[in-house]
Each structure stands twice: as structure tokens, then as C-alpha cells.
file final16.cif (mmCIF, N, CA and C atoms)
data_structure
#
loop_
_atom_site.label_atom_id
_atom_site.label_comp_id
_atom_site.auth_asym_id
_atom_site.auth_seq_id
_atom_site.Cartn_x
_atom_site.Cartn_y
_atom_site.Cartn_z
N MET Y 1 154.77 59.93 105.80
CA MET Y 1 155.32 59.16 104.71
C MET Y 1 156.48 58.32 105.23
N GLU Y 2 156.65 57.22 104.58
CA GLU Y 2 157.79 56.37 104.88
C GLU Y 2 158.90 56.68 103.88
N LEU Y 3 160.13 56.41 104.27
CA LEU Y 3 161.28 56.68 103.42
C LEU Y 3 161.11 56.02 102.06
N GLY Y 4 161.21 56.82 100.99
CA GLY Y 4 161.11 56.32 99.63
C GLY Y 4 159.69 56.17 99.11
N GLU Y 5 158.70 56.50 99.91
CA GLU Y 5 157.30 56.34 99.53
C GLU Y 5 156.80 57.59 98.80
N SER Y 6 156.02 57.41 97.75
CA SER Y 6 155.42 58.55 97.06
C SER Y 6 154.26 59.08 97.89
N THR Y 7 153.88 60.33 97.64
CA THR Y 7 152.74 60.90 98.37
C THR Y 7 151.46 60.11 98.09
N GLN Y 8 151.30 59.67 96.85
CA GLN Y 8 150.10 58.91 96.49
C GLN Y 8 150.08 57.56 97.21
N ASP Y 9 151.21 56.86 97.23
CA ASP Y 9 151.26 55.58 97.94
C ASP Y 9 151.05 55.77 99.44
N ALA Y 10 151.59 56.87 99.98
CA ALA Y 10 151.38 57.16 101.41
C ALA Y 10 149.91 57.39 101.70
N ALA Y 11 149.22 58.09 100.82
CA ALA Y 11 147.79 58.35 101.02
C ALA Y 11 147.00 57.03 101.03
N VAL Y 12 147.29 56.16 100.08
CA VAL Y 12 146.60 54.87 100.01
C VAL Y 12 146.85 54.08 101.29
N ARG Y 13 148.10 54.00 101.72
CA ARG Y 13 148.45 53.25 102.92
C ARG Y 13 147.80 53.86 104.17
N GLU Y 14 147.91 55.18 104.32
CA GLU Y 14 147.35 55.84 105.51
C GLU Y 14 145.84 55.69 105.60
N VAL Y 15 145.15 55.82 104.49
CA VAL Y 15 143.68 55.66 104.51
C VAL Y 15 143.33 54.25 104.95
N GLN Y 16 144.04 53.25 104.43
CA GLN Y 16 143.73 51.88 104.84
C GLN Y 16 144.04 51.66 106.32
N GLU Y 17 145.18 52.18 106.79
CA GLU Y 17 145.53 52.02 108.20
C GLU Y 17 144.55 52.73 109.13
N GLU Y 18 144.09 53.91 108.74
CA GLU Y 18 143.27 54.71 109.64
C GLU Y 18 141.77 54.47 109.50
N THR Y 19 141.33 53.90 108.36
CA THR Y 19 139.89 53.71 108.16
C THR Y 19 139.48 52.29 107.80
N GLY Y 20 140.44 51.46 107.41
CA GLY Y 20 140.10 50.12 106.96
C GLY Y 20 139.69 50.06 105.50
N LEU Y 21 139.61 51.20 104.83
CA LEU Y 21 139.17 51.24 103.43
C LEU Y 21 140.36 51.17 102.48
N ARG Y 22 140.18 50.43 101.39
CA ARG Y 22 141.14 50.47 100.28
C ARG Y 22 140.60 51.49 99.29
N ILE Y 23 141.48 52.32 98.75
CA ILE Y 23 141.05 53.38 97.85
C ILE Y 23 141.81 53.34 96.53
N LYS Y 24 141.19 53.96 95.54
CA LYS Y 24 141.83 54.24 94.26
C LYS Y 24 141.97 55.75 94.18
N VAL Y 25 143.19 56.24 94.04
CA VAL Y 25 143.41 57.68 93.93
C VAL Y 25 142.99 58.14 92.54
N GLU Y 26 142.11 59.14 92.49
CA GLU Y 26 141.59 59.66 91.23
C GLU Y 26 142.39 60.85 90.72
N GLY Y 27 142.98 61.62 91.62
CA GLY Y 27 143.74 62.79 91.20
C GLY Y 27 144.06 63.70 92.37
N LEU Y 28 144.89 64.66 92.11
CA LEU Y 28 145.30 65.63 93.13
C LEU Y 28 144.21 66.68 93.32
N LEU Y 29 143.86 66.98 94.56
CA LEU Y 29 142.88 68.01 94.86
C LEU Y 29 143.58 69.32 95.23
N ASP Y 30 144.56 69.26 96.15
CA ASP Y 30 145.19 70.48 96.62
C ASP Y 30 146.47 70.15 97.38
N VAL Y 31 147.35 71.13 97.45
CA VAL Y 31 148.54 71.06 98.30
C VAL Y 31 148.51 72.30 99.18
N GLN Y 32 148.65 72.11 100.49
CA GLN Y 32 148.59 73.21 101.43
C GLN Y 32 149.83 73.23 102.32
N THR Y 33 150.18 74.40 102.78
CA THR Y 33 151.24 74.56 103.76
C THR Y 33 150.60 74.93 105.08
N ASP Y 34 150.98 74.24 106.14
CA ASP Y 34 150.41 74.47 107.46
C ASP Y 34 151.56 74.79 108.41
N LEU Y 35 151.65 76.05 108.86
CA LEU Y 35 152.73 76.52 109.73
C LEU Y 35 152.23 76.67 111.16
N HIS Y 36 153.00 76.20 112.11
CA HIS Y 36 152.63 76.28 113.52
C HIS Y 36 153.74 76.95 114.31
N PRO Y 37 153.52 78.18 114.76
CA PRO Y 37 154.53 78.87 115.57
C PRO Y 37 154.46 78.43 117.04
N ASP Y 38 155.57 78.60 117.74
CA ASP Y 38 155.59 78.33 119.17
C ASP Y 38 155.10 79.57 119.94
N SER Y 39 155.21 79.55 121.25
CA SER Y 39 154.70 80.66 122.07
C SER Y 39 155.46 81.97 121.83
N ARG Y 40 156.65 81.90 121.24
CA ARG Y 40 157.43 83.10 120.93
C ARG Y 40 157.30 83.51 119.46
N SER Y 41 156.34 82.92 118.78
CA SER Y 41 156.07 83.18 117.36
C SER Y 41 157.18 82.68 116.43
N ARG Y 42 157.99 81.77 116.92
CA ARG Y 42 159.00 81.13 116.07
C ARG Y 42 158.38 79.87 115.47
N LEU Y 43 158.75 79.59 114.25
CA LEU Y 43 158.19 78.43 113.57
C LEU Y 43 158.63 77.15 114.28
N GLU Y 44 157.65 76.38 114.74
CA GLU Y 44 157.93 75.14 115.46
C GLU Y 44 157.67 73.92 114.58
N TYR Y 45 156.57 73.95 113.83
CA TYR Y 45 156.22 72.86 112.92
C TYR Y 45 155.85 73.42 111.57
N HIS Y 46 156.22 72.70 110.51
CA HIS Y 46 155.90 73.09 109.14
C HIS Y 46 155.45 71.83 108.42
N TYR Y 47 154.17 71.79 108.06
CA TYR Y 47 153.60 70.63 107.38
C TYR Y 47 153.26 71.00 105.94
N VAL Y 48 153.46 70.05 105.05
CA VAL Y 48 152.96 70.16 103.68
C VAL Y 48 151.90 69.09 103.55
N LEU Y 49 150.67 69.50 103.27
CA LEU Y 49 149.53 68.59 103.19
C LEU Y 49 149.15 68.38 101.73
N VAL Y 50 149.17 67.14 101.29
CA VAL Y 50 148.84 66.79 99.91
C VAL Y 50 147.50 66.06 99.96
N ASP Y 51 146.50 66.65 99.34
CA ASP Y 51 145.13 66.12 99.39
C ASP Y 51 144.74 65.54 98.03
N TYR Y 52 144.31 64.28 98.05
CA TYR Y 52 143.91 63.60 96.83
C TYR Y 52 142.41 63.33 96.83
N LEU Y 53 141.83 63.30 95.64
CA LEU Y 53 140.48 62.76 95.45
C LEU Y 53 140.64 61.26 95.32
N ALA Y 54 139.78 60.50 95.98
CA ALA Y 54 139.90 59.05 95.93
C ALA Y 54 138.53 58.41 96.03
N THR Y 55 138.45 57.18 95.56
CA THR Y 55 137.21 56.41 95.61
C THR Y 55 137.47 55.14 96.41
N PRO Y 56 136.58 54.80 97.36
CA PRO Y 56 136.76 53.52 98.06
C PRO Y 56 136.51 52.36 97.11
N VAL Y 57 137.38 51.36 97.15
CA VAL Y 57 137.24 50.19 96.27
C VAL Y 57 137.16 48.89 97.05
N GLY Y 58 137.22 48.98 98.37
CA GLY Y 58 137.13 47.76 99.17
C GLY Y 58 137.38 48.07 100.63
N GLY Y 59 137.28 47.02 101.42
CA GLY Y 59 137.46 47.17 102.85
C GLY Y 59 136.17 47.53 103.54
N ARG Y 60 136.27 47.73 104.84
CA ARG Y 60 135.10 48.07 105.65
C ARG Y 60 135.48 49.20 106.57
N LEU Y 61 134.66 50.24 106.63
CA LEU Y 61 134.97 51.42 107.42
C LEU Y 61 135.05 51.09 108.91
N LYS Y 62 136.23 51.32 109.47
CA LYS Y 62 136.45 51.16 110.91
C LYS Y 62 137.64 52.04 111.27
N VAL Y 63 137.44 52.93 112.20
CA VAL Y 63 138.49 53.89 112.55
C VAL Y 63 139.46 53.27 113.56
N ASN Y 64 140.69 53.75 113.51
CA ASN Y 64 141.69 53.28 114.47
C ASN Y 64 141.77 54.24 115.65
N SER Y 65 142.75 54.05 116.51
CA SER Y 65 142.86 54.87 117.72
C SER Y 65 143.25 56.31 117.44
N GLU Y 66 143.74 56.62 116.23
CA GLU Y 66 144.10 58.00 115.88
C GLU Y 66 142.88 58.84 115.53
N SER Y 67 141.74 58.22 115.35
CA SER Y 67 140.54 58.93 114.91
C SER Y 67 139.47 58.90 115.99
N SER Y 68 138.67 59.97 116.02
CA SER Y 68 137.61 60.05 117.02
C SER Y 68 136.25 59.62 116.47
N GLY Y 69 136.13 59.47 115.17
CA GLY Y 69 134.86 59.07 114.59
C GLY Y 69 134.96 59.05 113.08
N SER Y 70 133.88 58.65 112.45
CA SER Y 70 133.87 58.58 110.98
C SER Y 70 132.43 58.68 110.49
N GLY Y 71 132.30 58.89 109.19
CA GLY Y 71 130.98 58.92 108.58
C GLY Y 71 131.04 59.50 107.19
N TRP Y 72 129.94 59.41 106.50
CA TRP Y 72 129.80 60.01 105.17
C TRP Y 72 128.85 61.19 105.36
N PHE Y 73 129.24 62.37 104.83
CA PHE Y 73 128.49 63.58 105.10
C PHE Y 73 128.14 64.33 103.82
N THR Y 74 126.97 64.92 103.81
CA THR Y 74 126.60 65.84 102.74
C THR Y 74 127.35 67.15 102.96
N GLN Y 75 127.30 68.03 102.00
CA GLN Y 75 127.95 69.33 102.14
C GLN Y 75 127.37 70.09 103.33
N ALA Y 76 126.06 70.09 103.48
CA ALA Y 76 125.42 70.80 104.60
C ALA Y 76 125.83 70.20 105.94
N GLN Y 77 125.89 68.90 106.04
CA GLN Y 77 126.31 68.25 107.28
C GLN Y 77 127.77 68.55 107.59
N ALA Y 78 128.62 68.53 106.57
CA ALA Y 78 130.05 68.78 106.77
C ALA Y 78 130.30 70.19 107.29
N ARG Y 79 129.52 71.14 106.84
CA ARG Y 79 129.68 72.52 107.30
C ARG Y 79 129.52 72.65 108.81
N ARG Y 80 128.73 71.77 109.42
CA ARG Y 80 128.45 71.85 110.85
C ARG Y 80 129.49 71.12 111.72
N LEU Y 81 130.41 70.42 111.10
CA LEU Y 81 131.41 69.67 111.85
C LEU Y 81 132.52 70.58 112.37
N VAL Y 82 133.10 70.23 113.48
CA VAL Y 82 134.27 70.94 114.02
C VAL Y 82 135.50 70.39 113.30
N MET Y 83 136.30 71.31 112.71
CA MET Y 83 137.49 70.90 111.98
C MET Y 83 138.45 72.06 111.87
N SER Y 84 139.67 71.76 111.46
CA SER Y 84 140.67 72.82 111.28
C SER Y 84 140.30 73.67 110.06
N ASP Y 85 140.88 74.86 110.00
CA ASP Y 85 140.66 75.74 108.84
C ASP Y 85 141.14 75.08 107.56
N GLY Y 86 142.27 74.37 107.63
CA GLY Y 86 142.80 73.69 106.45
C GLY Y 86 141.87 72.61 105.94
N THR Y 87 141.32 71.82 106.86
CA THR Y 87 140.37 70.77 106.47
C THR Y 87 139.12 71.39 105.88
N ARG Y 88 138.65 72.48 106.47
CA ARG Y 88 137.46 73.17 105.95
C ARG Y 88 137.71 73.66 104.52
N ALA Y 89 138.90 74.20 104.26
CA ALA Y 89 139.25 74.69 102.92
C ALA Y 89 139.29 73.55 101.92
N VAL Y 90 139.86 72.41 102.29
CA VAL Y 90 139.95 71.27 101.38
C VAL Y 90 138.56 70.71 101.09
N LEU Y 91 137.72 70.62 102.12
CA LEU Y 91 136.35 70.15 101.88
C LEU Y 91 135.60 71.11 100.96
N GLY Y 92 135.83 72.41 101.11
CA GLY Y 92 135.21 73.38 100.21
C GLY Y 92 135.63 73.14 98.77
N LEU Y 93 136.92 72.88 98.56
CA LEU Y 93 137.40 72.57 97.20
C LEU Y 93 136.77 71.30 96.67
N PHE Y 94 136.67 70.30 97.53
CA PHE Y 94 136.06 69.03 97.13
C PHE Y 94 134.62 69.22 96.67
N PHE Y 95 133.81 69.87 97.50
CA PHE Y 95 132.41 70.05 97.14
C PHE Y 95 132.26 70.94 95.91
N LYS Y 96 133.10 71.93 95.77
CA LYS Y 96 133.05 72.80 94.59
C LYS Y 96 133.32 71.98 93.33
N ARG Y 97 134.32 71.11 93.39
CA ARG Y 97 134.66 70.27 92.23
C ARG Y 97 133.57 69.26 91.94
N MET Y 98 133.00 68.67 92.98
CA MET Y 98 131.99 67.63 92.79
C MET Y 98 130.66 68.18 92.31
N LEU Y 99 130.40 69.46 92.60
CA LEU Y 99 129.11 70.04 92.21
C LEU Y 99 129.15 70.74 90.85
N ARG Y 100 130.26 70.67 90.17
CA ARG Y 100 130.36 71.28 88.83
C ARG Y 100 129.50 70.56 87.85
#

call {"tool": "encode", "arguments": {"input": "final16.cif", "output": "C-alpha cells"}}
result
Amino acid sequence: MELGESTQDAAVREVQEETGLRIKVEGLLDVQTDLHPDSRSRLEYHYVLVDYLATPVGGRLKVNSESSGSGWFTQAQARRLVMSDGTRAVLGLFFKRMLR
């Protein structure tokens, strides 16, 4: 986030910077805490992850240097991808909500 930026505005900006897509935020999906200890088990990094549901409204999908790839995936395809536990949990929430 940039100084003075809301989490929603940061999400819109980051998605456009990292994927080339313009999005409309539909709502909050989840907020997670991600703690990373150092080699002595002392807390080294503490992230708060705010995940939004969003719809692409423009732009063209193209990843930047921070990303290794991109694509649109079904639930079955997503299950086979390598990802962090936090990302896996958020995708589970997403598919659960979308399949209601």
C-alpha cells in the first residue's frame, strides 16, 4: 500500500500493475494474518492480507516481472497448482462462495 491509500484502492492499483487488468471490486472475501519467524523462531515478518472479490472490467492480461505466469483456472485445475497455504485457503473460500 502507498501512504494514505485504502486497501481497496491498493488492490485495484496492484492488480493493474501486476496483470494489466482493470478491475471492479465486488466485496471483501477474507482477511488473513501471515507470520514468518526467523531461524531462531522470532517473528521476522508480519503480513496482513486483505483479499477482495473482483471482476475484470478492462485491460489485457499481461504479467509483469513480479509474476511467473498467469491464467484462468477451474477449481479442479487450481487444486493442482503450487501455491502457499494462505493462497490455497483464499481460493477455497472463493470457490465455496462462487458455487453456492

call {"tool": "closest_residue", "arguments": {"input": "final16.cif", "among": "Y:Ala10, Y:Thr87, Y:Val15, Y:Leu43", "to": "Arg60 (chain Y)", "atoms": "only C-alpha atoms"}}
result
Y:Val15

call {"tool": "resolve_selection", "arguments": {"input": "final16.cif", "expression": "the PyMOL selection byres (((chain Y and resi 49 and name CA) around 6) and name CA)", "output": "list in words"}}
result
Val31, Gln32, Val48 and Val50 of chain Y

call {"tool": "atom_distance", "arguments": {"input": "final16.cif", "atom1": "atom N of Gly20 (chain Y)", "atom2": "atom N of Gly59 (chain Y)"}}
result
8.1 Å

call {"tool": "resolve_selection", "arguments": {"input": "final16.cif", "expression": "the PyMOL selection byres (((chain Y and resi 58 and name CA) around 8) and name CA)", "output": "PyMOL selection string"}}
result
chain Y and resi 21-23+56-57+59-60

call {"tool": "closest_residue", "arguments": {"input": "final16.cif", "among": "Y:Val82, Y:Leu3, Y:Met98, Y:Leu53", "to": "Leu28 (chain Y)", "atoms": "all atoms listed in the file"}}
result
Y:Leu53

call {"tool": "residues_near_point", "arguments": {"input": "final16.cif", "point": "(144.4, 56.3, 93.4)", "cutoff": "7 Å", "atoms": "only N, CA and C atoms", "output": "PyMOL selection string"}}
result
chain Y and resi 8+23-27+53-55

call {"tool": "atom_distance", "arguments": {"input": "final16.cif", "atom1": "atom N of Thr19 (chain Y)", "atom2": "atom C of Leu91 (chain Y)"}}
result
19.6 Å

call {"tool": "atom_distance", "arguments": {"input": "final16.cif", "atom1": "CA of Arg42 (chain Y)", "atom2": "CA of Ser84 (chain Y)"}}
result
20.7 Å

call {"tool": "resolve_selection", "arguments": {"input": "final16.cif", "expression": "the PyMOL selection byres (((chain Y and resi 78 and name CA) around 12) and name CA)", "output": "PyMOL selection string"}}
result
chain Y and resi 70-77+79-83+87-92+94-95

call {"tool": "closest_residue", "arguments": {"input": "final16.cif", "among": "Y:Glu66, Y:Asp34, Y:Glu18, Y:Asp9", "to": "His46 (chain Y)", "atoms": "only N, CA and C atoms"}}
result
Y:Asp34

call {"tool": "select_by_dssp", "arguments": {"input": "final16.cif", "residues": "chain Y", "states": "alpha helix (DSSP H)", "output": "PyMOL selection string"}}
result
chain Y and resi 7-19+75-79+85-98

call {"tool": "closest_residue", "arguments": {"input": "final16.cif", "among": "Y:Asp30, Y:Tyr47, Y:Ser68, Y:Lys62", "to": "Met1 (chain Y)", "atoms": "only C-alpha atoms"}}
result
Y:Tyr47

call {"tool": "decode", "arguments": {"input": "final16.cif", "residues": "region 39-79 of chain Y", "atoms": "N, CA and C atoms", "output": "short mmCIF file (atom, residue, chain, number, x, y, z; two decimals), in the first residue's frame"}}
result
data_model
loop_
_atom_site.label_atom_id
_atom_site.label_comp_id
_atom_site.auth_asym_id
_atom_site.auth_seq_id
_atom_site.Cartn_x
_atom_site.Cartn_y
_atom_site.Cartn_z
N SER Y 39 15.17 -17.87 11.83
CA SER Y 39 15.76 -19.17 12.17
C SER Y 39 15.75 -19.45 13.67
N ARG Y 40 15.57 -18.42 14.50
CA ARG Y 40 15.51 -18.60 15.95
C ARG Y 40 14.06 -18.58 16.46
N SER Y 41 13.13 -18.69 15.55
CA SER Y 41 11.69 -18.69 15.86
C SER Y 41 11.18 -17.35 16.38
N ARG Y 42 11.93 -16.29 16.12
CA ARG Y 42 11.46 -14.94 16.45
C ARG Y 42 10.72 -14.39 15.24
N LEU Y 43 9.69 -13.63 15.51
CA LEU Y 43 8.89 -13.07 14.42
C LEU Y 43 9.74 -12.09 13.60
N GLU Y 44 9.87 -12.39 12.31
CA GLU Y 44 10.67 -11.55 11.42
C GLU Y 44 9.78 -10.69 10.53
N TYR Y 45 8.71 -11.29 10.00
CA TYR Y 45 7.77 -10.58 9.14
C TYR Y 45 6.35 -10.87 9.60
N HIS Y 46 5.48 -9.86 9.51
CA HIS Y 46 4.08 -10.00 9.87
C HIS Y 46 3.28 -9.29 8.78
N TYR Y 47 2.53 -10.07 8.01
CA TYR Y 47 1.72 -9.52 6.93
C TYR Y 47 0.25 -9.64 7.27
N VAL Y 48 -0.52 -8.64 6.87
CA VAL Y 48 -1.98 -8.72 6.91
C VAL Y 48 -2.42 -8.71 5.46
N LEU Y 49 -3.09 -9.78 5.04
CA LEU Y 49 -3.52 -9.95 3.65
C LEU Y 49 -5.01 -9.71 3.55
N VAL Y 50 -5.39 -8.75 2.73
CA VAL Y 50 -6.79 -8.40 2.53
C VAL Y 50 -7.17 -8.86 1.12
N ASP Y 51 -8.10 -9.81 1.05
CA ASP Y 51 -8.48 -10.42 -0.22
C ASP Y 51 -9.87 -9.96 -0.63
N TYR Y 52 -9.97 -9.43 -1.84
CA TYR Y 52 -11.24 -8.95 -2.37
C TYR Y 52 -11.72 -9.82 -3.52
N LEU Y 53 -13.03 -9.91 -3.67
CA LEU Y 53 -13.63 -10.45 -4.89
C LEU Y 53 -13.67 -9.30 -5.88
N ALA Y 54 -13.31 -9.56 -7.13
CA ALA Y 54 -13.29 -8.50 -8.13
C ALA Y 54 -13.62 -9.07 -9.50
N THR Y 55 -14.06 -8.18 -10.37
CA THR Y 55 -14.40 -8.54 -11.74
C THR Y 55 -13.53 -7.73 -12.68
N PRO Y 56 -12.91 -8.36 -13.69
CA PRO Y 56 -12.16 -7.57 -14.67
C PRO Y 56 -13.12 -6.72 -15.50
N VAL Y 57 -12.78 -5.46 -15.71
CA VAL Y 57 -13.64 -4.56 -16.49
C VAL Y 57 -12.89 -3.94 -17.67
N GLY Y 58 -11.63 -4.30 -17.83
CA GLY Y 58 -10.87 -3.75 -18.95
C GLY Y 58 -9.41 -4.16 -18.86
N GLY Y 59 -8.68 -3.73 -19.86
CA GLY Y 59 -7.27 -4.07 -19.92
C GLY Y 59 -7.05 -5.39 -20.61
N ARG Y 60 -5.79 -5.78 -20.66
CA ARG Y 60 -5.41 -7.03 -21.31
C ARG Y 60 -4.43 -7.76 -20.41
N LEU Y 61 -4.66 -9.04 -20.17
CA LEU Y 61 -3.84 -9.81 -19.25
C LEU Y 61 -2.41 -9.91 -19.74
N LYS Y 62 -1.49 -9.38 -18.93
CA LYS Y 62 -0.06 -9.49 -19.20
C LYS Y 62 0.64 -9.33 -17.86
N VAL Y 63 1.44 -10.30 -17.51
CA VAL Y 63 2.10 -10.29 -16.20
C VAL Y 63 3.37 -9.46 -16.25
N ASN Y 64 3.72 -8.90 -15.10
CA ASN Y 64 4.96 -8.13 -15.00
C ASN Y 64 6.08 -9.02 -14.47
N SER Y 65 7.21 -8.43 -14.16
CA SER Y 65 8.38 -9.20 -13.73
C SER Y 65 8.21 -9.81 -12.34
N GLU Y 66 7.21 -9.37 -11.56
CA GLU Y 66 6.97 -9.94 -10.23
C GLU Y 66 6.23 -11.27 -10.31
N SER Y 67 5.70 -11.61 -11.46
CA SER Y 67 4.88 -12.81 -11.61
C SER Y 67 5.56 -13.82 -12.52
N SER Y 68 5.30 -15.10 -12.25
CA SER Y 68 5.90 -16.15 -13.06
C SER Y 68 4.96 -16.68 -14.13
N GLY Y 69 3.69 -16.32 -14.06
CA GLY Y 69 2.74 -16.80 -15.04
C GLY Y 69 1.34 -16.34 -14.70
N SER Y 70 0.40 -16.66 -15.55
CA SER Y 70 -0.99 -16.26 -15.32
C SER Y 70 -1.92 -17.20 -16.06
N GLY Y 71 -3.19 -17.11 -15.73
CA GLY Y 71 -4.20 -17.90 -16.42
C GLY Y 71 -5.51 -17.89 -15.67
N TRP Y 72 -6.52 -18.42 -16.30
CA TRP Y 72 -7.83 -18.58 -15.68
C TRP Y 72 -7.99 -20.08 -15.44
N PHE Y 73 -8.38 -20.46 -14.21
CA PHE Y 73 -8.40 -21.86 -13.83
C PHE Y 73 -9.74 -22.27 -13.24
N THR Y 74 -10.14 -23.49 -13.54
CA THR Y 74 -11.29 -24.08 -12.87
C THR Y 74 -10.86 -24.48 -11.46
N GLN Y 75 -11.82 -24.87 -10.65
CA GLN Y 75 -11.49 -25.31 -9.29
C GLN Y 75 -10.57 -26.53 -9.33
N ALA Y 76 -10.85 -27.48 -10.20
CA ALA Y 76 -10.03 -28.69 -10.30
C ALA Y 76 -8.61 -28.34 -10.75
N GLN Y 77 -8.47 -27.46 -11.70
CA GLN Y 77 -7.14 -27.05 -12.17
C GLN Y 77 -6.38 -26.30 -11.08
N ALA Y 78 -7.07 -25.44 -10.36
CA ALA Y 78 -6.43 -24.65 -9.30
C ALA Y 78 -5.88 -25.54 -8.19
N ARG Y 79 -6.59 -26.61 -7.89
CA ARG Y 79 -6.12 -27.54 -6.84
C ARG Y 79 -4.75 -28.12 -7.15
#
